[in-house]
Structures are given as C-alpha cells and as structure tokens.
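Participant: Input structure: run35.cif, which contains mmCIF, C-alpha atoms.
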```cif
data_my_file
loop_
_atom_site.group_PDB
_atom_site.id
_atom_site.type_symbol
_atom_site.label_atom_id
_atom_site.label_comp_id
_atom_site.auth_asym_id
_atom_site.auth_seq_id
_atom_site.Cartn_x
_atom_site.Cartn_y
_atom_site.Cartn_z
ATOM 1 C CA MET E 1 14.749 12.668 -9.324
ATOM 2 C CA GLU E 2 17.272 9.890 -9.899
ATOM 3 C CA LYS E 3 15.982 7.874 -12.821
ATOM 4 C CA GLU E 4 17.929 4.649 -12.360
ATOM 5 C CA LEU E 5 17.281 3.738 -8.756
ATOM 6 C CA ASN E 6 15.655 0.437 -9.724
ATOM 7 C CA PRO E 7 14.986 -0.708 -13.306
ATOM 8 C CA ASN E 8 11.908 -2.643 -12.224
ATOM 9 C CA TYR E 9 9.890 0.522 -11.623
ATOM 10 C CA CYS E 10 8.954 3.769 -13.382
ATOM 11 C CA PHE E 11 10.582 7.091 -12.408
ATOM 12 C CA LEU E 12 9.064 10.364 -13.635
ATOM 13 C CA ARG E 13 8.827 14.051 -12.826
ATOM 14 C CA PHE E 14 5.576 15.955 -12.397
ATOM 15 C CA GLU E 15 6.129 17.817 -15.662
ATOM 16 C CA ASP E 16 6.373 14.464 -17.514
ATOM 17 C CA LEU E 17 2.789 13.565 -16.596
ATOM 18 C CA PRO E 18 -0.143 13.972 -19.005
ATOM 19 C CA ASP E 19 -3.185 15.961 -17.889
ATOM 20 C CA PRO E 20 -5.166 13.550 -15.658
ATOM 21 C CA LYS E 21 -8.405 14.975 -17.095
ATOM 22 C CA ASN E 22 -7.348 13.742 -20.541
ATOM 23 C CA ALA E 23 -8.787 10.236 -21.000
ATOM 24 C CA SER E 24 -5.995 8.891 -23.195
ATOM 25 C CA GLY E 25 -3.296 10.358 -20.948
ATOM 26 C CA ALA E 26 -4.923 8.932 -17.824
ATOM 27 C CA GLY E 27 -5.225 5.561 -19.532
ATOM 28 C CA ALA E 28 -1.520 5.584 -20.397
ATOM 29 C CA VAL E 29 -0.606 6.310 -16.756
ATOM 30 C CA ARG E 30 -2.840 3.475 -15.515
ATOM 31 C CA ASP E 31 -1.355 1.086 -18.069
ATOM 32 C CA LYS E 32 2.159 1.996 -16.904
ATOM 33 C CA LEU E 33 1.137 1.448 -13.283
ATOM 34 C CA TYR E 34 -0.301 -2.014 -14.005
ATOM 35 C CA GLU E 35 2.834 -2.893 -15.969
ATOM 36 C CA LYS E 36 5.387 -1.689 -13.403
ATOM 37 C CA GLY E 37 3.446 -1.900 -10.126
ATOM 38 C CA LEU E 38 5.071 1.286 -8.778
ATOM 39 C CA LEU E 39 5.388 4.825 -10.147
ATOM 40 C CA VAL E 40 7.846 7.242 -8.491
ATOM 41 C CA ILE E 41 7.101 10.864 -9.400
ATOM 42 C CA GLY E 42 9.249 13.807 -8.323
ATOM 43 C CA SER E 43 8.491 17.509 -7.844
ATOM 44 C CA PHE E 44 4.721 17.099 -7.379
ATOM 45 C CA PRO E 45 3.092 20.311 -6.074
ATOM 46 C CA LEU E 46 2.074 20.228 -2.399
ATOM 47 C CA ASN E 47 -1.583 20.807 -3.189
ATOM 48 C CA ASP E 48 -4.419 18.593 -1.942
ATOM 49 C CA GLU E 49 -6.815 19.626 -4.713
ATOM 50 C CA LEU E 50 -4.282 18.633 -7.370
ATOM 51 C CA LEU E 51 -3.564 15.418 -5.464
ATOM 52 C CA MET E 52 -7.270 14.531 -5.614
ATOM 53 C CA THR E 53 -7.523 15.363 -9.328
ATOM 54 C CA PHE E 54 -4.518 13.153 -10.023
ATOM 55 C CA SER E 55 -5.842 10.335 -7.809
ATOM 56 C CA ARG E 56 -9.284 10.146 -9.416
ATOM 57 C CA GLN E 57 -7.821 8.924 -12.724
ATOM 58 C CA PHE E 58 -7.248 5.571 -10.991
ATOM 59 C CA GLY E 59 -10.825 5.133 -9.707
ATOM 60 C CA MET E 60 -13.068 6.067 -6.782
ATOM 61 C CA PRO E 61 -11.181 7.409 -3.717
ATOM 62 C CA ASP E 62 -11.955 5.796 -0.346
ATOM 63 C CA LEU E 63 -13.241 7.841 2.575
ATOM 64 C CA VAL E 64 -10.653 8.013 5.367
ATOM 65 C CA SER E 65 -11.405 6.221 8.625
ATOM 66 C CA PRO E 66 -11.194 7.217 11.427
ATOM 67 C CA PRO E 67 -12.328 10.769 10.516
ATOM 68 C CA GLU E 68 -9.761 12.271 12.919
ATOM 69 C CA PHE E 69 -7.029 11.568 10.366
ATOM 70 C CA ARG E 70 -8.648 13.349 7.408
ATOM 71 C CA ALA E 71 -6.994 16.382 5.864
ATOM 72 C CA ILE E 72 -8.981 19.570 6.496
ATOM 73 C CA GLY E 73 -11.704 19.836 3.861
ATOM 74 C CA CYS E 74 -10.544 16.603 2.144
ATOM 75 C CA PRO E 75 -12.311 13.514 3.565
ATOM 76 C CA HIS E 76 -10.532 11.243 1.053
ATOM 77 C CA ILE E 77 -6.995 12.281 2.130
ATOM 78 C CA ARG E 78 -5.331 10.721 5.182
ATOM 79 C CA VAL E 79 -2.624 12.744 6.926
ATOM 80 C CA GLN E 80 0.333 10.715 8.209
ATOM 81 C CA SER E 81 3.014 12.411 10.298
ATOM 82 C CA SER E 82 5.778 11.841 12.823
ATOM 83 C CA VAL E 83 4.566 15.020 14.560
ATOM 84 C CA PRO E 84 2.495 14.011 17.622
ATOM 85 C CA GLY E 85 -1.175 14.870 17.217
ATOM 86 C CA VAL E 86 -0.943 15.396 13.448
ATOM 87 C CA GLY E 87 -2.691 12.568 11.618
ATOM 88 C CA VAL E 88 -1.582 8.950 11.896
ATOM 89 C CA SER E 89 1.784 8.416 13.552
ATOM 90 C CA GLY E 90 4.007 5.386 12.967
ATOM 91 C CA GLY E 91 1.611 3.468 10.754
ATOM 92 C CA GLY E 92 2.462 0.756 8.261
ATOM 93 C CA GLU E 93 5.738 -0.406 9.812
ATOM 94 C CA TYR E 94 5.126 -3.995 8.694
ATOM 95 C CA TRP E 95 4.861 -5.777 5.332
ATOM 96 C CA HIS E 96 1.402 -5.246 3.855
ATOM 97 C CA SER E 97 -0.853 -4.199 0.994
ATOM 98 C CA ASP E 98 -3.509 -1.575 1.745
ATOM 99 C CA GLY E 99 -7.187 -2.206 2.421
ATOM 100 C CA PRO E 100 -7.401 -5.949 3.290
ATOM 101 C CA TRP E 101 -10.490 -5.284 5.444
ATOM 102 C CA SER E 102 -12.646 -4.929 2.321
ATOM 103 C CA GLU E 103 -14.050 -7.742 0.194
ATOM 104 C CA LEU E 104 -12.302 -5.952 -2.678
ATOM 105 C CA PRO E 105 -9.042 -4.593 -1.189
ATOM 106 C CA SER E 106 -7.826 -1.120 -2.110
ATOM 107 C CA ALA E 107 -6.771 -1.076 -5.763
ATOM 108 C CA VAL E 108 -4.235 1.771 -5.779
ATOM 109 C CA THR E 109 -2.472 3.916 -3.172
ATOM 110 C CA ILE E 110 -1.180 7.448 -3.859
ATOM 111 C CA LEU E 111 1.207 8.973 -1.303
ATOM 112 C CA LEU E 112 2.539 12.555 -1.461
ATOM 113 C CA CYS E 113 5.411 13.696 0.755
ATOM 114 C CA PHE E 114 4.884 17.158 2.279
ATOM 115 C CA GLU E 115 7.962 16.962 4.518
ATOM 116 C CA ALA E 116 10.716 14.344 4.416
ATOM 117 C CA GLY E 117 12.427 12.780 7.408
ATOM 118 C CA VAL E 118 16.150 13.261 6.773
ATOM 119 C CA GLY E 119 18.076 9.983 6.806
ATOM 120 C CA SER E 120 15.145 7.891 8.024
ATOM 121 C CA GLY E 121 11.492 7.093 7.332
ATOM 122 C CA GLN E 122 12.176 5.225 4.081
ATOM 123 C CA THR E 123 9.539 2.957 2.542
ATOM 124 C CA LEU E 124 10.349 -0.508 1.194
ATOM 125 C CA PHE E 125 8.524 -2.032 -1.775
ATOM 126 C CA VAL E 126 8.585 -5.501 -3.290
ATOM 127 C CA ASP E 127 6.820 -6.768 -6.411
ATOM 128 C CA MET E 128 4.801 -9.794 -5.297
ATOM 129 C CA ARG E 129 4.360 -10.890 -8.923
ATOM 130 C CA SER E 130 8.120 -11.344 -9.072
ATOM 131 C CA VAL E 131 8.112 -13.197 -5.745
ATOM 132 C CA PHE E 132 5.444 -15.605 -6.998
ATOM 133 C CA ASP E 133 7.159 -16.103 -10.363
ATOM 134 C CA ASN E 134 10.426 -17.016 -8.611
ATOM 135 C CA LEU E 135 8.870 -19.707 -6.421
ATOM 136 C CA PRO E 136 9.310 -23.347 -7.449
ATOM 137 C CA LYS E 137 6.392 -24.500 -9.600
ATOM 138 C CA HIS E 138 5.150 -27.005 -7.028
ATOM 139 C CA HIS E 139 5.030 -24.227 -4.400
ATOM 140 C CA GLN E 140 3.114 -22.014 -6.823
ATOM 141 C CA ARG E 141 0.519 -24.739 -7.388
ATOM 142 C CA GLU E 142 0.144 -25.480 -3.680
ATOM 143 C CA LEU E 143 -0.127 -21.840 -2.592
ATOM 144 C CA ALA E 144 -2.699 -21.137 -5.316
ATOM 145 C CA THR E 145 -5.092 -23.428 -3.409
ATOM 146 C CA ARG E 146 -4.599 -21.671 -0.056
ATOM 147 C CA MET E 147 -6.750 -19.000 1.606
ATOM 148 C CA GLY E 148 -5.721 -16.497 4.268
ATOM 149 C CA CYS E 149 -7.745 -15.583 7.372
ATOM 150 C CA TYR E 150 -8.281 -11.877 8.145
ATOM 151 C CA PRO E 151 -10.021 -11.155 11.535
ATOM 152 C CA CYS E 152 -10.661 -7.566 10.463
ATOM 153 C CA ARG E 153 -13.038 -6.348 13.163
ATOM 154 C CA ALA E 154 -10.874 -7.609 16.052
ATOM 155 C CA ILE E 155 -7.708 -6.079 14.577
ATOM 156 C CA TYR E 156 -9.326 -2.691 13.876
ATOM 157 C CA GLU E 157 -10.853 -2.627 17.367
ATOM 158 C CA ARG E 158 -7.407 -3.272 18.839
ATOM 159 C CA GLU E 159 -5.931 -0.469 16.698
ATOM 160 C CA LEU E 160 -8.591 1.994 17.837
ATOM 161 C CA SER E 161 -7.990 1.072 21.473
ATOM 162 C CA TYR E 162 -4.254 1.621 21.051
ATOM 163 C CA MET E 163 -4.864 5.071 19.508
ATOM 164 C CA GLY E 164 -7.487 5.982 22.114
ATOM 165 C CA ILE E 165 -10.176 6.880 19.584
ATOM 166 C CA ALA E 166 -13.592 5.496 18.587
ATOM 167 C CA ASP E 167 -14.981 4.658 15.149
ATOM 168 C CA GLN E 168 -18.175 2.691 15.737
ATOM 169 C CA GLU E 169 -19.486 3.322 12.223
ATOM 170 C CA LYS E 170 -16.475 1.667 10.571
ATOM 171 C CA LEU E 171 -16.372 -1.113 13.170
ATOM 172 C CA ALA E 172 -19.979 -1.996 12.357
ATOM 173 C CA GLU E 173 -19.004 -2.530 8.698
ATOM 174 C CA LEU E 174 -16.155 -4.927 9.408
ATOM 175 C CA HIS E 175 -16.219 -8.710 9.645
ATOM 176 C CA ASP E 176 -13.842 -11.623 9.249
ATOM 177 C CA LEU E 177 -12.676 -12.150 5.680
ATOM 178 C CA ILE E 178 -10.929 -14.816 3.649
ATOM 179 C CA HIS E 179 -8.558 -13.687 0.876
ATOM 180 C CA PRO E 180 -6.547 -15.964 -1.414
ATOM 181 C CA ILE E 181 -2.815 -16.284 -0.742
ATOM 182 C CA VAL E 182 -2.326 -15.944 -4.499
ATOM 183 C CA ARG E 183 -4.394 -13.242 -6.224
ATOM 184 C CA SER E 184 -4.931 -12.783 -9.939
ATOM 185 C CA HIS E 185 -4.798 -9.126 -10.963
ATOM 186 C CA PRO E 186 -8.301 -7.874 -11.872
ATOM 187 C CA VAL E 187 -6.958 -6.091 -14.983
ATOM 188 C CA THR E 188 -3.886 -7.975 -16.188
ATOM 189 C CA GLY E 189 -4.612 -11.425 -14.773
ATOM 190 C CA ARG E 190 -1.018 -11.763 -13.489
ATOM 191 C CA LYS E 191 -0.644 -13.799 -10.304
ATOM 192 C CA ALA E 192 0.947 -12.373 -7.165
ATOM 193 C CA LEU E 193 1.378 -13.468 -3.578
ATOM 194 C CA TYR E 194 -0.969 -11.593 -1.246
ATOM 195 C CA LEU E 195 0.354 -11.255 2.317
ATOM 196 C CA ASN E 196 -0.021 -8.940 5.302
ATOM 197 C CA GLU E 197 1.978 -9.174 8.539
ATOM 198 C CA LYS E 198 -0.725 -7.522 10.684
ATOM 199 C CA TRP E 199 -4.080 -8.394 9.128
ATOM 200 C CA LEU E 200 -3.370 -11.924 7.832
ATOM 201 C CA SER E 201 -3.578 -14.058 10.974
ATOM 202 C CA ALA E 202 -3.258 -17.579 9.531
ATOM 203 C CA ILE E 203 -3.432 -19.769 6.452
ATOM 204 C CA GLU E 204 -6.680 -21.695 6.351
ATOM 205 C CA ASN E 205 -6.536 -25.493 6.871
ATOM 206 C CA MET E 206 -3.082 -25.403 8.441
ATOM 207 C CA THR E 207 -2.216 -25.890 12.104
ATOM 208 C CA PRO E 208 -1.140 -22.698 13.908
ATOM 209 C CA ASP E 209 2.508 -23.829 13.907
ATOM 210 C CA GLU E 210 2.416 -24.798 10.221
ATOM 211 C CA SER E 211 0.798 -21.497 9.302
ATOM 212 C CA ARG E 212 3.226 -19.398 11.342
ATOM 213 C CA LEU E 213 6.280 -21.134 9.877
ATOM 214 C CA ARG E 214 4.963 -20.974 6.317
ATOM 215 C CA LEU E 215 4.149 -17.264 6.540
ATOM 216 C CA ALA E 216 7.536 -16.482 8.099
ATOM 217 C CA GLU E 217 9.177 -18.295 5.204
ATOM 218 C CA LEU E 218 7.144 -16.335 2.631
ATOM 219 C CA TYR E 219 7.950 -12.958 4.245
ATOM 220 C CA LYS E 220 11.643 -13.879 4.291
ATOM 221 C CA ILE E 221 11.542 -14.854 0.604
ATOM 222 C CA SER E 222 9.620 -11.688 -0.295
ATOM 223 C CA SER E 223 11.959 -9.307 1.520
ATOM 224 C CA SER E 224 14.997 -10.759 -0.277
ATOM 225 C CA ASP E 225 13.504 -10.675 -3.794
ATOM 226 C CA ALA E 226 15.484 -8.893 -6.517
ATOM 227 C CA SER E 227 12.578 -6.447 -7.005
ATOM 228 C CA LEU E 228 13.030 -4.977 -3.496
ATOM 229 C CA TYR E 229 13.208 -1.168 -3.649
ATOM 230 C CA THR E 230 13.952 1.265 -0.816
ATOM 231 C CA HIS E 231 12.555 4.758 -1.351
ATOM 232 C CA SER E 232 14.273 7.622 0.487
ATOM 233 C CA TRP E 233 11.714 10.395 0.555
ATOM 234 C CA LYS E 234 12.141 13.978 -0.604
ATOM 235 C CA THR E 235 9.557 16.733 -0.308
ATOM 236 C CA GLY E 236 7.343 16.626 -3.415
ATOM 237 C CA ASP E 237 7.825 12.903 -4.043
ATOM 238 C CA LEU E 238 4.576 11.217 -5.118
ATOM 239 C CA LEU E 239 4.465 7.421 -5.122
ATOM 240 C CA VAL E 240 1.668 5.435 -6.740
ATOM 241 C CA TRP E 241 1.420 1.690 -6.290
ATOM 242 C CA ASP E 242 -0.823 -1.144 -7.374
ATOM 243 C CA ASN E 243 -1.881 -3.053 -4.255
ATOM 244 C CA ALA E 244 -2.673 -6.199 -6.259
ATOM 245 C CA SER E 245 0.991 -6.327 -7.315
ATOM 246 C CA MET E 246 3.047 -4.672 -4.555
ATOM 247 C CA MET E 247 3.721 -5.115 -0.859
ATOM 248 C CA HIS E 248 5.310 -2.305 1.167
ATOM 249 C CA LYS E 249 6.650 -1.456 4.597
ATOM 250 C CA ALA E 250 7.435 1.889 6.251
ATOM 251 C CA LEU E 251 10.622 2.310 8.280
ATOM 252 C CA PRO E 252 10.438 4.435 11.443
ATOM 253 C CA THR E 253 11.452 8.076 11.450
ATOM 254 C CA GLU E 254 14.279 8.973 13.802
ATOM 255 C CA PRO E 255 13.359 11.082 16.857
ATOM 256 C CA GLY E 256 13.425 14.767 16.005
ATOM 257 C CA SER E 257 13.081 14.132 12.266
ATOM 258 C CA ILE E 258 9.769 15.201 10.720
ATOM 259 C CA LYS E 259 8.047 13.242 7.977
ATOM 260 C CA THR E 260 4.536 14.155 6.812
ATOM 261 C CA THR E 261 2.628 12.566 3.926
ATOM 262 C CA HIS E 262 -0.899 12.783 2.498
ATOM 263 C CA ARG E 263 -2.410 9.496 1.309
ATOM 264 C CA VAL E 264 -5.294 8.577 -0.987
ATOM 265 C CA THR E 265 -6.460 5.010 -1.545
ATOM 266 C CA ILE E 266 -8.636 3.919 -4.446
ATOM 267 C CA ALA E 267 -11.490 1.481 -3.897
ATOM 268 C CA GLY E 268 -11.051 -2.060 -5.185
ATOM 269 C CA PHE E 269 -12.606 -3.296 -8.393
#
```
Please, can you express the file's structure as structure tokens?
Facilitator:
Amino acid sequence: MEKELNPNYCFLRFEDLPDPKNASGAGAVRDKLYEKGLLVIGSFPLNDELLMTFSRQFGMPDLVSPPEFRAIGCPHIRVQSSVPGVGVSGGGEYWHSDGPWSELPSAVTILLCFEAGVGSGQTLFVDMRSVFDNLPKHHQRELATRMGCYPCRAIYERELSYMGIADQEKLAELHDLIHPIVRSHPVTGRKALYLNEKWLSAIENMTPDESRLRLAELYKISSSDASLYTHSWKTGDLLVWDNASMMHKALPTEPGSIKTTHRVTIAGF
C-alpha cells in the first residue's frame, strides 16, 4: 500500500489495525475516520465474516435491498461486480453519498475489493467539508439556509424497472424527503456540503433553471477541490468512508476487466 497517495486521508495495512472487538481500539479507528473522512486499508483478508466483524465497530449494518444483491448467507453485504448476473453492475457512477433515501442517511460505508479491474474501475472521493470551507463566506451562509428535494420512491422505482426486479417491501418504506444542502456532522459538528447527482432533484424554493445551474456549479467546484482523491483498486483493498463528510463516484470498468467488491453500509445516527 502506497502511504503518500493523498495527505488528506489515512492509509493503513490490515496488520496495523487494532482488534475491532477491543472497545478502545475500535474507538480510535472511529475517531480517525471522523477526522480524515476516508480510511484506505490494504491487504484485508477476503472473508465476509471478518468484514462484518470489522464493520460492526462503526454501528448497526443496514440490510441490503433488493435481496437479490446480498452475499450468500450475509444479508448485510451487497455484492457489486462487473460480471453480468453477479450482484449490482455499474452502480454509483455519479457523485453521491450513500443512503439519502433514509431520514438519517447511511453513516459509514465499508467496501472490500475481491477482484480489481486492471487499469479501470477507479473510485473518486472528495471531502465535502473542504469544499464547504473553501466557499466564499456569503455562499456558505446562503447555502446553509437551503434544503434539497429527494423524490426517493420515484427514483427507486425507476431503478428497479431498469434492473428488471421487484422490491415492493422497500418501495413501501420510501417517500419524498428533504435534506439540508449543508449538513452538520452528528459527531464532530463540522459542516459539509451534501449533494447527490441522482437522488437530489432540486434545491427547494428555487426555479428549476436556478436549481439546475446552482447544482451544476456546486458539482464542478466539488470535483476540482484539492481534496479530490482517485483510488485505483487492488485485491484486498478495504475503503471506509464517512458519508457525512465525503462524496464519491465510481468510474466504469473497461469491457473484459473484472471488478468485484463487497459493501456494507452502517445505519445513520
């Protein structure tokens, strides 16, 4: 694992980690995550049971929906793969934070690479605390009063239709939500922009044209921030990110190149 890929984030190896069952060790890992926003861990064993043990130190794992994408025997692990018919294919290729369809969006995401797509399939990350901090003060004040519109049920229904599967139980839970454009971290209190290119449809109390232009401007600013990090995956890489601080985007895997990951998300708090 290269340790100086980006000084904004924390780079470790599996053997550097404390035992997740040790309360003080787990607390130290959580503190580092909330400080840095992103942990990059190399040489993690390809073991779903160990992945779940590690993940639980951050909170309560979410059940995966739709059920078709669950790892065998692990309902809290979502399989993502460029192999047709194996888990979710081509997901997350847009700027987003995970879990915006919940009143309390997903707190933490843990992603383990089982097979890496050579020369493609990278994931981009940007620290939205840094993006907010670098905005002019008058923009910070104005955005802090704005709310974003999330038509969750309609978007999920469209996604299910595209994939050709049904998930009536999850659909019944979903409804339109309003999230702030600027969120305060539930642990640290630090402010960060909160955006999502698919699920955030508009900024409340703006005309459609005003909203579209303003969001395009914010995505452009975010994707050029100095905190931007591109992760080129290797088998055994485990990435952990704080969804209240980070935004990410997957790049497509080239045809014929296989990339498979197992993902756990932690419920919001």
Participant: Please report the interatomic distance between atom CA of E:Arg214 and atom CA of E:Gln122 in Å with one decimal.
Facilitator: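 Pair atom CA of E:Arg214 / atom CA of E:Gln122 returns 27.3 Å.
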Participant: I'd like to see the residues matched by the PyMOL selection byres ((chain E and resi 34) around 9) on this file, and ideally I'd get them as a PDB file with C-alpha atoms, in the frame of the given file.
Facilitator:
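Here's the written file part-v4.pdb:
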```pdb
ATOM      1  CA  VAL E  29      -0.606   6.310 -16.756  1.00  0.00           C
ATOM      2  CA  ARG E  30      -2.840   3.475 -15.515  1.00  0.00           C
ATOM      3  CA  ASP E  31      -1.355   1.086 -18.069  1.00  0.00           C
ATOM      4  CA  LYS E  32       2.159   1.996 -16.904  1.00  0.00           C
ATOM      5  CA  LEU E  33       1.137   1.448 -13.283  1.00  0.00           C
ATOM      6  CA  GLU E  35       2.834  -2.893 -15.969  1.00  0.00           C
ATOM      7  CA  LYS E  36       5.387  -1.689 -13.403  1.00  0.00           C
ATOM      8  CA  GLY E  37       3.446  -1.900 -10.126  1.00  0.00           C
ATOM      9  CA  LEU E  38       5.071   1.286  -8.778  1.00  0.00           C
ATOM     10  CA  HIS E 185      -4.798  -9.126 -10.963  1.00  0.00           C
ATOM     11  CA  VAL E 187      -6.958  -6.091 -14.983  1.00  0.00           C
ATOM     12  CA  THR E 188      -3.886  -7.975 -16.188  1.00  0.00           C
ATOM     13  CA  TRP E 241       1.420   1.690  -6.290  1.00  0.00           C
ATOM     14  CA  ASP E 242      -0.823  -1.144  -7.374  1.00  0.00           C
ATOM     15  CA  SER E 245       0.991  -6.327  -7.315  1.00  0.00           C
TER      16      SER E 245
END
```
Participant: Determine the nearest neighbour of E:Ser55 from the options E:Ile155, E:Ile258, E:Leu143, E:Leu239, counting all atoms listed in the file.
Facilitator: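 The answer is E:Leu239, which sits nearest to E:Ser55.
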Participant: May I have the residues within 12 Å of E:Asp167 as a VMD selection string, using all atoms listed in the file and disregarding those fewer than 4 positions away in the same chain?
Facilitator: chain E and resid 64 to 69 153 156 to 161 163 171 to 174
Participant: Return the single residue from E:Val86, E:Val118, E:Leu135, E:Leu195 that is closest to E:Gly256, with distances computed using all atoms listed in the file.
Facilitator: E:Val118
Participant: Could you write out as a PyMOL selection string the residues that the PyMOL selection byres ((chain E and resi 94) around 9) matches in the shown file?
Facilitator: chain E and resi 91-93+95-96+196-198+248-251
Participant: I'd like to know which of E:Ser184, E:Asn243, E:Thr261, E:Thr123 is closest to E:Asn47, using only C-alpha atoms.
Facilitator: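 That would be E:Thr261, the residue with the smallest distance to E:Asn47.
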Participant: For each of E:Ala144, E:Ile181, E:Val126, E:Ile203, take the minimum atom-to-atom distance to E:Lys220, counting all atoms listed in the file, then give the residue where this is smallest.
Facilitator: E:Val126
Participant: Find, counting all atoms listed in the file, the residue in E:His76, E:His179, E:Arg146, E:Arg56 that gets nearest to E:Lys21.
Facilitator: E:Arg56
Participant: Evaluating the PyMOL selection byres ((chain E and resi 114) around 6) on the displayed file yields which residues, as JSON, numbers by chain?
Facilitator: {"E": [113, 115, 235, 260, 261]}
Participant: Record the distance separating atom CA of E:Val240 and atom CA of E:Thr253, expressed in Å with one decimal.
Facilitator: 20.8 Å
Participant: At a cut-off of 6 Å, using all atoms listed in the file, what residues contact E:Leu193? Leave out same-chain residues fewer than 4 positions from it and give the result as a ChimeraX atom specification.
Facilitator: /E:128,132,181-182
Participant: Select, from E:Leu111, E:Ala192, E:Leu46, E:Met206, the residue with the minimum atom-to-atom distance to E:Val131, counting all atoms listed in the file.
Facilitator: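 Closest to E:Val131 of all the choices is E:Ala192.
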Participant: Record the distance separating atom CA of E:Leu177 and atom CA of E:Tyr150, expressed in Å with one decimal.
Facilitator: 5.0 Å
Participant: Quick one: everything within 10 Å of E:Gly73, counting only C-alpha atoms, minus sequence neighbours fewer than 3 positions away in the same chain. Send it as a list in words.
Facilitator: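 Here the qualifying residues turn out to be Asp48, Glu49, Arg70, His76 and Ile77 of chain E.
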Participant: Just stretch 14-27 of chain E, please, as a PDB file, in the first residue's frame (only N, CA and C atoms).
Facilitator:
```pdb
ATOM      1  N   PHE E  14      -3.821  -3.944   6.875  1.00  0.00           N
ATOM      2  CA  PHE E  14      -4.664  -4.726   7.765  1.00  0.00           C
ATOM      3  C   PHE E  14      -3.966  -5.008   9.091  1.00  0.00           C
ATOM      4  N   GLU E  15      -2.668  -5.321   9.026  1.00  0.00           N
ATOM      5  CA  GLU E  15      -1.950  -5.665  10.252  1.00  0.00           C
ATOM      6  C   GLU E  15      -1.754  -4.462  11.179  1.00  0.00           C
ATOM      7  N   ASP E  16      -1.975  -3.243  10.680  1.00  0.00           N
ATOM      8  CA  ASP E  16      -1.882  -2.044  11.522  1.00  0.00           C
ATOM      9  C   ASP E  16      -3.123  -1.832  12.389  1.00  0.00           C
ATOM     10  N   LEU E  17      -4.214  -2.546  12.062  1.00  0.00           N
ATOM     11  CA  LEU E  17      -5.494  -2.270  12.705  1.00  0.00           C
ATOM     12  C   LEU E  17      -5.582  -2.923  14.083  1.00  0.00           C
ATOM     13  N   PRO E  18      -6.195  -2.231  15.056  1.00  0.00           N
ATOM     14  CA  PRO E  18      -6.459  -2.873  16.348  1.00  0.00           C
ATOM     15  C   PRO E  18      -7.594  -3.884  16.210  1.00  0.00           C
ATOM     16  N   ASP E  19      -7.723  -4.764  17.153  1.00  0.00           N
ATOM     17  CA  ASP E  19      -8.814  -5.738  17.183  1.00  0.00           C
ATOM     18  C   ASP E  19     -10.137  -4.984  17.262  1.00  0.00           C
ATOM     19  N   PRO E  20     -11.053  -5.156  16.290  1.00  0.00           N
ATOM     20  CA  PRO E  20     -12.310  -4.414  16.325  1.00  0.00           C
ATOM     21  C   PRO E  20     -13.193  -4.756  17.517  1.00  0.00           C
ATOM     22  N   LYS E  21     -12.913  -5.894  18.189  1.00  0.00           N
ATOM     23  CA  LYS E  21     -13.692  -6.259  19.371  1.00  0.00           C
ATOM     24  C   LYS E  21     -13.184  -5.558  20.625  1.00  0.00           C
ATOM     25  N   ASN E  22     -12.029  -4.880  20.494  1.00  0.00           N
ATOM     26  CA  ASN E  22     -11.477  -4.109  21.603  1.00  0.00           C
ATOM     27  C   ASN E  22     -12.065  -2.702  21.567  1.00  0.00           C
ATOM     28  N   ALA E  23     -12.759  -2.307  22.637  1.00  0.00           N
ATOM     29  CA  ALA E  23     -13.513  -1.050  22.638  1.00  0.00           C
ATOM     30  C   ALA E  23     -12.618   0.157  22.387  1.00  0.00           C
ATOM     31  N   SER E  24     -11.469   0.212  23.043  1.00  0.00           N
ATOM     32  CA  SER E  24     -10.597   1.373  22.865  1.00  0.00           C
ATOM     33  C   SER E  24     -10.005   1.410  21.461  1.00  0.00           C
ATOM     34  N   GLY E  25      -9.662   0.232  20.919  1.00  0.00           N
ATOM     35  CA  GLY E  25      -9.132   0.178  19.562  1.00  0.00           C
ATOM     36  C   GLY E  25     -10.169   0.597  18.545  1.00  0.00           C
ATOM     37  N   ALA E  26     -11.406   0.093  18.716  1.00  0.00           N
ATOM     38  CA  ALA E  26     -12.488   0.469  17.805  1.00  0.00           C
ATOM     39  C   ALA E  26     -12.766   1.965  17.887  1.00  0.00           C
ATOM     40  N   GLY E  27     -12.715   2.515  19.088  1.00  0.00           N
ATOM     41  CA  GLY E  27     -12.935   3.943  19.258  1.00  0.00           C
ATOM     42  C   GLY E  27     -11.879   4.767  18.554  1.00  0.00           C
TER      43      GLY E  27
END
```
